[in-house]
$ cat coords.txt   # compact mmCIF, C-alpha atoms and all ligand atoms
# COMPACT_ATOMS: atom_id res chain seq x y z
CA MET J 3 37.80 -14.96 86.91
CA ILE J 4 41.38 -16.05 87.56
CA ALA J 5 42.75 -19.43 88.59
CA ILE J 6 45.94 -19.21 90.61
CA LEU J 7 48.00 -22.36 90.32
CA LYS J 8 50.14 -23.93 93.01
CA PRO J 9 53.86 -23.07 92.76
CA HIS J 10 55.98 -24.97 90.22
CA VAL J 11 53.23 -26.69 88.23
CA SER J 12 54.66 -28.45 85.18
CA ASP J 13 53.93 -27.21 81.65
CA ASP J 14 52.09 -30.44 80.82
CA ARG J 15 49.80 -30.02 83.77
CA LEU J 16 49.27 -26.33 82.92
CA ASN J 17 48.28 -27.30 79.38
CA GLU J 18 45.79 -29.83 80.72
CA ILE J 19 44.12 -27.19 82.89
CA VAL J 20 44.05 -24.71 79.98
CA HIS J 21 42.53 -27.38 77.76
CA HIS J 22 39.87 -28.09 80.37
CA ILE J 23 38.91 -24.40 80.41
CA GLU J 24 38.93 -24.05 76.61
CA LYS J 25 36.74 -27.13 76.21
CA LYS J 26 34.01 -25.13 77.92
CA GLY J 27 34.19 -22.50 75.18
CA LEU J 28 36.15 -20.06 77.35
CA GLN J 29 39.38 -18.18 76.69
CA ALA J 30 42.38 -18.91 78.91
CA HIS J 31 45.18 -16.34 79.17
CA VAL J 32 48.24 -17.71 80.91
CA SER J 33 50.57 -15.41 82.85
CA LYS J 34 53.69 -17.03 84.25
CA GLY J 35 55.46 -15.34 87.14
CA THR J 36 58.64 -16.50 88.84
CA ASP J 37 56.76 -18.60 91.42
CA THR J 38 53.12 -18.60 90.47
CA THR J 39 51.18 -19.01 87.29
CA VAL J 40 47.82 -17.32 86.84
CA ILE J 41 45.21 -18.26 84.25
CA GLY J 42 42.80 -15.46 83.32
CA ILE J 43 39.46 -16.87 82.20
CA ILE J 44 37.14 -14.91 79.92
CA GLY J 45 33.70 -15.78 78.65
CA LYS J 46 30.30 -16.69 80.00
CA PHE J 47 30.60 -19.45 82.55
CA GLU J 48 28.34 -21.22 85.04
CA SER J 49 28.98 -20.30 88.66
CA SER J 50 29.77 -23.96 89.41
CA LEU J 51 32.93 -23.67 87.27
CA ALA J 52 34.76 -21.75 90.01
CA GLU J 53 34.12 -24.58 92.49
CA GLN J 54 35.07 -27.19 89.93
CA LEU J 55 38.39 -25.51 89.13
CA ARG J 56 39.15 -24.82 92.77
CA SER J 57 38.89 -28.52 93.55
CA MET J 58 41.33 -29.47 90.78
CA LYS J 59 44.76 -30.74 91.70
CA ASP J 60 47.40 -28.00 91.27
CA VAL J 61 44.88 -25.15 91.52
CA GLU J 62 45.57 -23.00 94.58
CA ASN J 63 42.60 -20.68 94.34
CA VAL J 64 39.98 -19.22 92.03
CA VAL J 65 39.04 -15.55 92.33
CA ARG J 66 36.33 -13.61 90.53
CA ILE J 67 37.47 -10.27 89.06
CA SER J 68 34.80 -7.62 89.39
CA LYS J 69 36.61 -4.98 87.27
CA SER J 70 35.06 -4.33 83.86
CA TYR J 71 38.47 -4.65 82.19
CA LYS J 72 40.14 -8.04 82.53
CA LEU J 73 43.06 -8.50 80.13
CA ALA J 74 44.44 -5.08 81.08
CA SER J 75 44.21 -5.82 84.78
CA ARG J 76 47.21 -6.78 86.89
CA ASP J 77 45.03 -9.38 88.61
CA PHE J 78 44.91 -11.24 85.31
CA HIS J 79 48.54 -10.78 84.48
CA PRO J 80 50.69 -10.10 87.57
CA ALA J 81 54.00 -9.79 85.68
CA ASN J 82 54.86 -6.58 83.82
CA THR J 83 54.27 -6.72 80.09
CA ILE J 84 57.45 -6.07 78.15
CA ILE J 85 56.99 -5.12 74.50
CA ASN J 86 60.04 -6.01 72.42
CA ILE J 87 60.31 -4.05 69.19
CA LYS J 88 63.37 -4.88 67.11
CA GLY J 89 65.40 -5.41 70.27
CA VAL J 90 64.14 -2.34 72.15
CA GLU J 91 62.20 -3.40 75.24
CA ILE J 92 59.40 -1.16 76.49
CA GLY J 93 58.25 -1.90 80.04
CA GLY J 94 61.51 -3.57 81.08
CA ASP J 95 64.57 -2.16 82.83
CA GLU J 96 65.53 0.35 80.18
CA LEU J 97 63.97 3.80 80.16
CA VAL J 98 62.66 4.37 76.63
CA ILE J 99 62.78 7.87 75.16
CA MET J 100 60.69 8.89 72.15
CA GLY J 101 61.66 12.28 70.77
CA GLY J 102 60.88 14.39 67.75
CA PRO J 103 58.63 17.06 66.33
CA CYS J 104 54.89 17.39 66.77
CA ALA J 105 54.51 16.99 62.99
CA VAL J 106 56.61 15.72 60.12
CA GLU J 107 57.12 18.83 57.97
CA THR J 108 59.71 18.16 55.28
CA PRO J 109 62.12 15.29 54.51
CA GLU J 110 65.04 17.51 55.54
CA GLN J 111 63.42 18.46 58.84
CA ILE J 112 62.66 14.88 59.90
CA ASP J 113 66.09 13.68 58.76
CA LEU J 114 67.83 16.39 60.78
CA ILE J 115 65.72 15.79 63.88
CA ALA J 116 66.20 12.01 63.61
CA SER J 117 69.97 12.54 63.58
CA ILE J 118 69.69 14.65 66.76
CA VAL J 119 67.41 12.10 68.47
CA LYS J 120 69.84 9.27 67.68
CA LYS J 121 72.93 11.20 68.71
CA ALA J 122 71.32 12.12 72.03
CA GLY J 123 70.78 8.41 72.75
CA ALA J 124 67.01 8.06 72.43
CA GLN J 125 65.47 4.91 70.97
CA VAL J 126 62.35 6.17 69.14
CA LEU J 127 61.57 8.95 66.65
CA ARG J 128 58.16 10.59 67.05
CA GLY J 129 56.34 12.72 64.47
CA GLY J 130 52.78 13.05 63.24
CA ALA J 131 51.84 12.72 59.56
CA TYR J 132 48.13 12.86 60.39
CA LYS J 133 47.44 15.63 62.90
CA PRO J 134 44.21 15.83 64.91
CA ARG J 135 43.78 19.61 65.01
CA THR J 136 41.12 21.35 67.06
CA GLY J 137 40.21 23.64 64.14
CA PRO J 138 39.55 22.48 60.57
CA TYR J 139 41.62 25.28 58.99
CA ALA J 140 44.83 24.44 60.85
CA PHE J 141 47.59 22.36 59.22
CA GLN J 142 46.32 18.77 59.21
CA GLY J 143 49.62 16.98 58.54
CA ILE J 144 51.46 15.84 55.42
CA GLY J 145 49.73 12.44 55.16
CA GLU J 146 51.22 9.35 53.52
CA GLU J 147 54.23 11.19 52.11
CA GLY J 148 55.14 12.13 55.69
CA LEU J 149 54.95 8.48 56.74
CA LYS J 150 57.53 7.64 54.07
CA TRP J 151 59.90 10.38 55.24
CA MET J 152 59.57 9.13 58.83
CA LYS J 153 60.29 5.55 57.82
CA ASP J 154 63.33 6.62 55.78
CA ALA J 155 64.69 8.66 58.68
CA GLY J 156 64.04 5.82 61.14
CA GLU J 157 65.88 3.34 58.93
CA LYS J 158 68.76 5.68 58.22
CA TYR J 159 69.45 6.38 61.91
CA ASN J 160 68.35 3.04 63.40
CA LEU J 161 65.47 4.46 65.34
CA LEU J 162 62.05 2.98 65.95
CA THR J 163 59.24 5.24 64.77
CA ILE J 164 55.93 6.24 66.32
CA THR J 165 53.20 8.16 64.54
CA GLU J 166 49.51 8.85 65.07
CA VAL J 167 46.72 6.94 63.34
CA MET J 168 43.33 8.65 63.36
CA THR J 169 40.93 6.46 61.38
CA PRO J 170 40.24 2.73 61.08
CA GLU J 171 40.65 3.06 57.28
CA THR J 172 44.30 4.18 57.55
CA VAL J 173 45.45 1.64 60.17
CA ASP J 174 46.85 -0.86 57.62
CA LEU J 175 48.65 1.91 55.76
CA VAL J 176 50.25 3.35 58.90
CA CYS J 177 51.28 -0.17 59.99
CA GLU J 178 53.30 -0.50 56.79
CA TYR J 179 55.43 2.48 57.76
CA ALA J 180 55.57 2.80 61.55
CA ASP J 181 56.84 0.61 64.38
CA ILE J 182 54.38 2.00 66.93
CA LEU J 183 50.87 3.37 66.38
CA GLN J 184 49.87 6.36 68.46
CA ILE J 185 46.23 6.85 69.37
CA GLY J 186 45.74 10.45 70.40
CA THR J 187 43.80 11.88 73.30
CA ARG J 188 40.86 12.84 71.08
CA ASN J 189 40.50 9.29 69.83
CA MET J 190 40.89 7.34 73.07
CA GLN J 191 37.27 6.27 72.89
CA ASN J 192 37.04 5.89 69.12
CA PHE J 193 35.96 2.29 69.56
CA GLU J 194 36.06 1.40 65.86
CA LEU J 195 39.67 2.61 65.72
CA LEU J 196 40.52 0.64 68.88
CA ARG J 197 38.93 -2.49 67.43
CA LYS J 198 40.86 -2.08 64.19
CA VAL J 199 44.28 -1.65 65.84
CA GLY J 200 43.34 -4.63 68.03
CA LYS J 201 43.33 -6.76 64.88
CA THR J 202 46.97 -5.92 64.16
CA GLN J 203 50.04 -6.96 66.15
CA THR J 204 51.68 -3.54 65.83
CA PRO J 205 52.45 -1.99 69.24
CA VAL J 206 50.04 0.78 70.23
CA LEU J 207 50.60 3.81 72.45
CA LEU J 208 47.17 4.72 73.79
CA LYS J 209 47.05 8.28 75.05
CA ARG J 210 44.70 9.17 77.85
CA GLY J 211 41.55 11.04 76.80
CA PHE J 212 41.82 14.52 78.29
CA SER J 213 38.74 13.91 80.44
CA ALA J 214 39.06 10.16 80.87
CA THR J 215 39.12 8.35 84.21
CA TYR J 216 41.60 5.52 84.75
CA ASP J 217 38.74 3.08 84.44
CA GLU J 218 37.63 4.45 81.05
CA TRP J 219 41.23 4.50 79.85
CA LEU J 220 41.86 0.89 80.86
CA ASN J 221 38.61 -0.16 79.23
CA ALA J 222 39.79 1.53 76.02
CA ALA J 223 43.01 -0.53 76.28
CA GLU J 224 40.83 -3.61 76.86
CA TYR J 225 39.24 -3.11 73.42
CA ILE J 226 42.67 -3.44 71.80
CA LEU J 227 43.72 -6.39 73.95
CA ALA J 228 40.40 -8.17 73.45
CA GLY J 229 40.86 -7.82 69.69
CA GLY J 230 44.04 -9.91 69.96
CA ASN J 231 46.80 -7.30 70.10
CA PRO J 232 48.70 -7.66 73.41
CA ASN J 233 51.19 -4.87 72.62
CA VAL J 234 49.58 -1.90 74.32
CA MET J 235 51.25 0.89 76.30
CA LEU J 236 49.45 3.72 78.07
CA CYS J 237 50.48 7.36 77.86
CA GLU J 238 49.57 10.03 80.41
CA ARG J 239 49.46 13.31 78.48
CA GLY J 240 47.65 15.62 80.86
CA ILE J 241 44.00 16.15 81.62
CA ARG J 242 41.73 19.17 81.52
CA THR J 243 41.34 20.93 84.86
CA PHE J 244 40.37 24.46 85.97
CA GLU J 245 44.02 25.54 85.69
CA SER J 246 44.77 27.53 82.55
CA TYR J 247 48.43 28.48 83.15
CA THR J 248 49.41 25.10 81.75
CA ARG J 249 47.86 23.62 78.59
CA ASN J 250 46.79 20.54 80.56
CA THR J 251 47.49 19.20 84.03
CA LEU J 252 49.96 16.34 83.85
CA ASP J 253 48.50 13.79 86.26
CA LEU J 254 51.65 12.29 87.74
CA SER J 255 49.59 10.09 90.07
CA ALA J 256 48.40 8.25 86.98
CA ILE J 257 51.82 6.63 86.68
CA PRO J 258 51.92 4.76 90.02
CA VAL J 259 48.15 4.18 89.89
CA LEU J 260 48.46 2.48 86.50
CA LYS J 261 51.49 0.52 87.63
CA HIS J 262 49.25 -0.84 90.38
CA LEU J 263 46.15 -1.50 88.26
CA THR J 264 47.75 -2.82 85.09
CA HIS J 265 50.75 -4.74 83.79
CA LEU J 266 50.98 -2.58 80.65
CA PRO J 267 53.95 -0.20 80.17
CA VAL J 268 53.32 3.41 81.19
CA ILE J 269 54.70 6.35 79.21
CA SER J 270 54.57 10.04 80.15
CA ASP J 271 54.16 13.00 77.78
CA PRO J 272 55.33 16.14 79.61
CA SER J 273 55.09 18.19 76.38
CA HIS J 274 51.31 18.05 75.91
CA GLY J 275 50.96 17.59 79.67
CA THR J 276 52.25 21.10 80.31
CA GLY J 277 52.30 22.94 76.97
CA ARG J 278 55.31 24.96 78.17
CA ARG J 279 58.90 24.28 77.22
CA GLU J 280 60.32 25.34 80.59
CA LEU J 281 58.19 22.73 82.35
CA VAL J 282 59.12 19.80 80.13
CA VAL J 283 62.49 19.10 81.76
CA PRO J 284 61.30 19.11 85.40
CA MET J 285 58.14 17.14 84.58
CA THR J 286 60.18 14.57 82.65
CA LYS J 287 62.33 14.01 85.73
CA ALA J 288 59.26 13.90 87.96
CA SER J 289 57.71 11.27 85.66
CA VAL J 290 60.79 9.09 85.97
CA GLY J 291 60.55 9.56 89.74
CA ALA J 292 56.92 8.43 89.61
CA GLY J 293 57.97 5.22 87.87
CA CYS J 294 57.23 5.60 84.17
CA ASP J 295 58.71 3.18 81.64
CA GLY J 296 59.37 5.84 79.05
CA LEU J 297 58.71 9.35 77.79
CA ILE J 298 57.46 10.94 74.62
CA ILE J 299 58.93 14.40 74.24
CA GLU J 300 58.55 17.02 71.54
CA MET J 301 61.80 18.45 70.19
CA HIS J 302 62.28 20.69 67.15
CA ASN J 303 65.32 22.14 65.42
CA ASP J 304 63.44 25.44 64.89
CA PRO J 305 60.49 25.53 67.31
CA ASP J 306 59.52 29.13 66.45
CA ASN J 307 58.72 28.02 62.92
CA SER J 308 57.09 24.69 63.66
CA MET J 309 54.03 24.04 61.51
CA THR J 310 51.78 23.22 64.46
CA GLY J 311 51.30 25.40 67.52
CA ASP J 312 53.40 22.99 69.53
CA GLY J 313 56.71 24.86 69.06
CA VAL J 314 56.10 26.51 72.47
CA GLN J 315 56.34 23.13 74.17
CA SER J 316 59.16 21.72 72.01
CA LEU J 317 62.63 21.42 73.48
CA PHE J 318 65.61 22.77 71.56
CA PRO J 319 68.03 20.05 70.42
CA ASP J 320 70.61 20.97 73.10
CA GLN J 321 68.01 20.85 75.85
CA PHE J 322 66.92 17.42 74.67
CA ALA J 323 70.48 16.07 74.66
CA ASP J 324 71.23 17.58 78.11
CA LEU J 325 68.00 16.13 79.49
CA LEU J 326 68.97 12.64 78.36
CA LYS J 327 72.36 13.01 80.04
CA ASP J 328 70.58 13.94 83.29
CA LEU J 329 68.18 11.01 82.93
CA GLU J 330 71.13 8.71 82.51
CA LYS J 331 72.27 9.68 86.02
CA LEU J 332 68.79 9.74 87.50
CA ALA J 333 67.39 6.50 86.08
CA PRO J 334 69.54 4.04 88.10
CA LEU J 335 68.46 5.70 91.36
CA LEU J 336 64.87 5.01 90.37
CA GLY J 337 65.09 1.44 89.17
CA LYS J 338 65.74 2.04 85.46
CA THR J 339 68.74 2.12 83.17
CA LEU J 340 69.71 4.38 80.29
CA ASP J 341 72.99 4.21 78.40
CA THR J 342 72.87 7.00 75.82
CA ASN J 343 76.34 6.22 74.46
CA LYS J 344 75.42 2.63 73.78
CA ILE J 345 72.05 3.52 72.26
CA SER J 346 73.52 6.19 70.01
CA LYS J 347 75.74 3.51 68.44
CA GLN J 348 73.20 0.70 68.54
CA LEU J 349 71.71 -0.95 65.51
CA LEU J 350 68.19 -2.35 65.60
CA THR J 351 68.08 -6.14 65.39
CA VAL J 352 65.63 -6.38 62.48
C1 LIG O 401 50.78 14.74 69.68
O1 LIG O 401 51.40 13.83 70.24
O2 LIG O 401 51.30 15.57 68.91
C2 LIG O 401 49.34 14.90 70.02
C3 LIG O 401 48.48 15.46 69.18
O3 LIG O 401 49.04 14.43 71.24
P1 LIG O 401 47.64 14.39 72.05
O4 LIG O 401 46.78 13.42 71.34
O5 LIG O 401 48.07 13.94 73.41
O6 LIG O 401 47.11 15.80 72.07
MN MN O 402 51.96 17.90 69.44
$ encode --input "coords.txt" --output "structure tokens"
Amino acid sequence: MIAILKPHVSDDRLNEIVHHIEKKGLQAHVSKGTDTTVIGIIGKFESSLAEQLRSMKDVENVVRISKSYKLASRDFHPANTIINIKGVEIGGDELVIMGGPCAVETPEQIDLIASIVKKAGAQVLRGGAYKPRTGPYAFQGIGEEGLKWMKDAGEKYNLLTITEVMTPETVDLVCEYADILQIGTRNMQNFELLRKVGKTQTPVLLKRGFSATYDEWLNAAEYILAGGNPNVMLCERGIRTFESYTRNTLDLSAIPVLKHLTHLPVISDPSHGTGRRELVVPMTKASVGAGCDGLIIEMHNDPDNSMTGDGVQSLFPDQFADLLKDLEKLAPLLGKTLDTNKISKQLLTV
């Protein structure tokens, strides 16, 4: 249920209304817009509560939300969520680019790629130390050592870092090293993992399960939000369809649909979404056209020798840098900004 307040209600009055709701053992989540303030109410309540709240001074209306997810819903929180990580805002005006290899391989490799990512003007270094591989005999990632190399490279080049976490047991460890936790497609409905990352405050990029509906995906996000971590972004990374030319089918509609259904930032992954290098550049541009807040793109200095099979979808360093230059021109036409020169010189604030 949400209570929509009348325009320009004072903070004191807002606090009184929140207190009234909390006294009934319910949770009140306040979302302040420019004109209106909305209070999202969660918990078991008597049906008379809606009437009671509606009759209160300063309450404009009370509406029941029938969706199974609440905190993730735009009804609950009309304003966009902006996640600020060391001065980089995700979900705001700036287009955020996360670039790097599928997997961290050696300290030299991640250092070199980080330098390329920074020079190109991207804000975040990606790279997996724990890799969820389809087969048990494939390279499973470097593990904790790889997290250290990522952190070192991130600090050296002033980049945020994002890396995948696969088990509840390793969440605390990964939080020590990374700025953003990635939950991969295969783990989107690993509810114990979602609950565990929900107990941290570390930002989470939740990839779409390759057969998940929007509703299932938003409910997965709800697990993290309900645990107390508000810093969730959603990543479209392609779904399984009958088409086999591409590795997955990047569902571009997901971007505007999510922008409508939720206030959380939306990221696109054209690398796993297509599985083909030549499609990454056009699908990146299409994603920006569809309204994404950022992109996560695989790039490798030597894709032919990458340790996972994802070299075929990894951009070469020059392609990555050229793509960012194009995005810099494209973004302002589509309501975003990107200043690669500024970012390549920028220091993180913490
Ligand atoms: C990855 O980002 O390298 C990855 C494994 O992604 P996904 O979970 O989308 O397959
Ligand atoms: Mn990959």
$ residues_around --input "coords.txt" --residues "Arg135 (chain J)" --least-positions-apart "3" --cutoff "12 Å" --atoms "all atoms listed in the file" --output "ChimeraX atom specification"
/J:104-105,130-132,138-143,168,186-189,309-312
$ closest_residue --input "coords.txt" --among "J:Lys46, J:Lys158, J:Arg249, J:Lys327" --to "ligand LIG 401 (chain O)" --atoms "only C-alpha atoms and all ligand atoms"
J:Arg249
$ residues_near_ligand --input "coords.txt" --ligand "ligand LIG 401 (chain O)" --cutoff "9 Å" --atoms "all atoms listed in the file" --output "PyMOL selection string"
chain J and resi 103-105+128-130+133-135+165-166+184-190+209-212+237-240+271+273-275+298-300+310+312
$ residues_around --input "coords.txt" --residues "Lys59 (chain J)" --least-positions-apart "5" --cutoff "12 Å" --atoms "all atoms listed in the file" --output "short mmCIF file (atom, residue, chain, number, x, y, z; two decimals) with C-alpha atoms, in the coordinates of the input"
data_model
loop_
_atom_site.label_atom_id
_atom_site.label_comp_id
_atom_site.auth_asym_id
_atom_site.auth_seq_id
_atom_site.Cartn_x
_atom_site.Cartn_y
_atom_site.Cartn_z
CA ALA J 5 42.75 -19.43 88.59
CA ILE J 6 45.94 -19.21 90.61
CA LEU J 7 48.00 -22.36 90.32
CA LYS J 8 50.14 -23.93 93.01
CA PRO J 9 53.86 -23.07 92.76
CA VAL J 11 53.23 -26.69 88.23
CA ARG J 15 49.80 -30.02 83.77
CA LEU J 16 49.27 -26.33 82.92
CA GLU J 18 45.79 -29.83 80.72
CA ILE J 19 44.12 -27.19 82.89
CA GLN J 54 35.07 -27.19 89.93
#
$ closest_residue --input "coords.txt" --among "J:Ala288, J:Val106, J:Val234, J:Leu326" --to "ligand MN 402 (chain O)" --atoms "all atoms listed in the file"
J:Val106
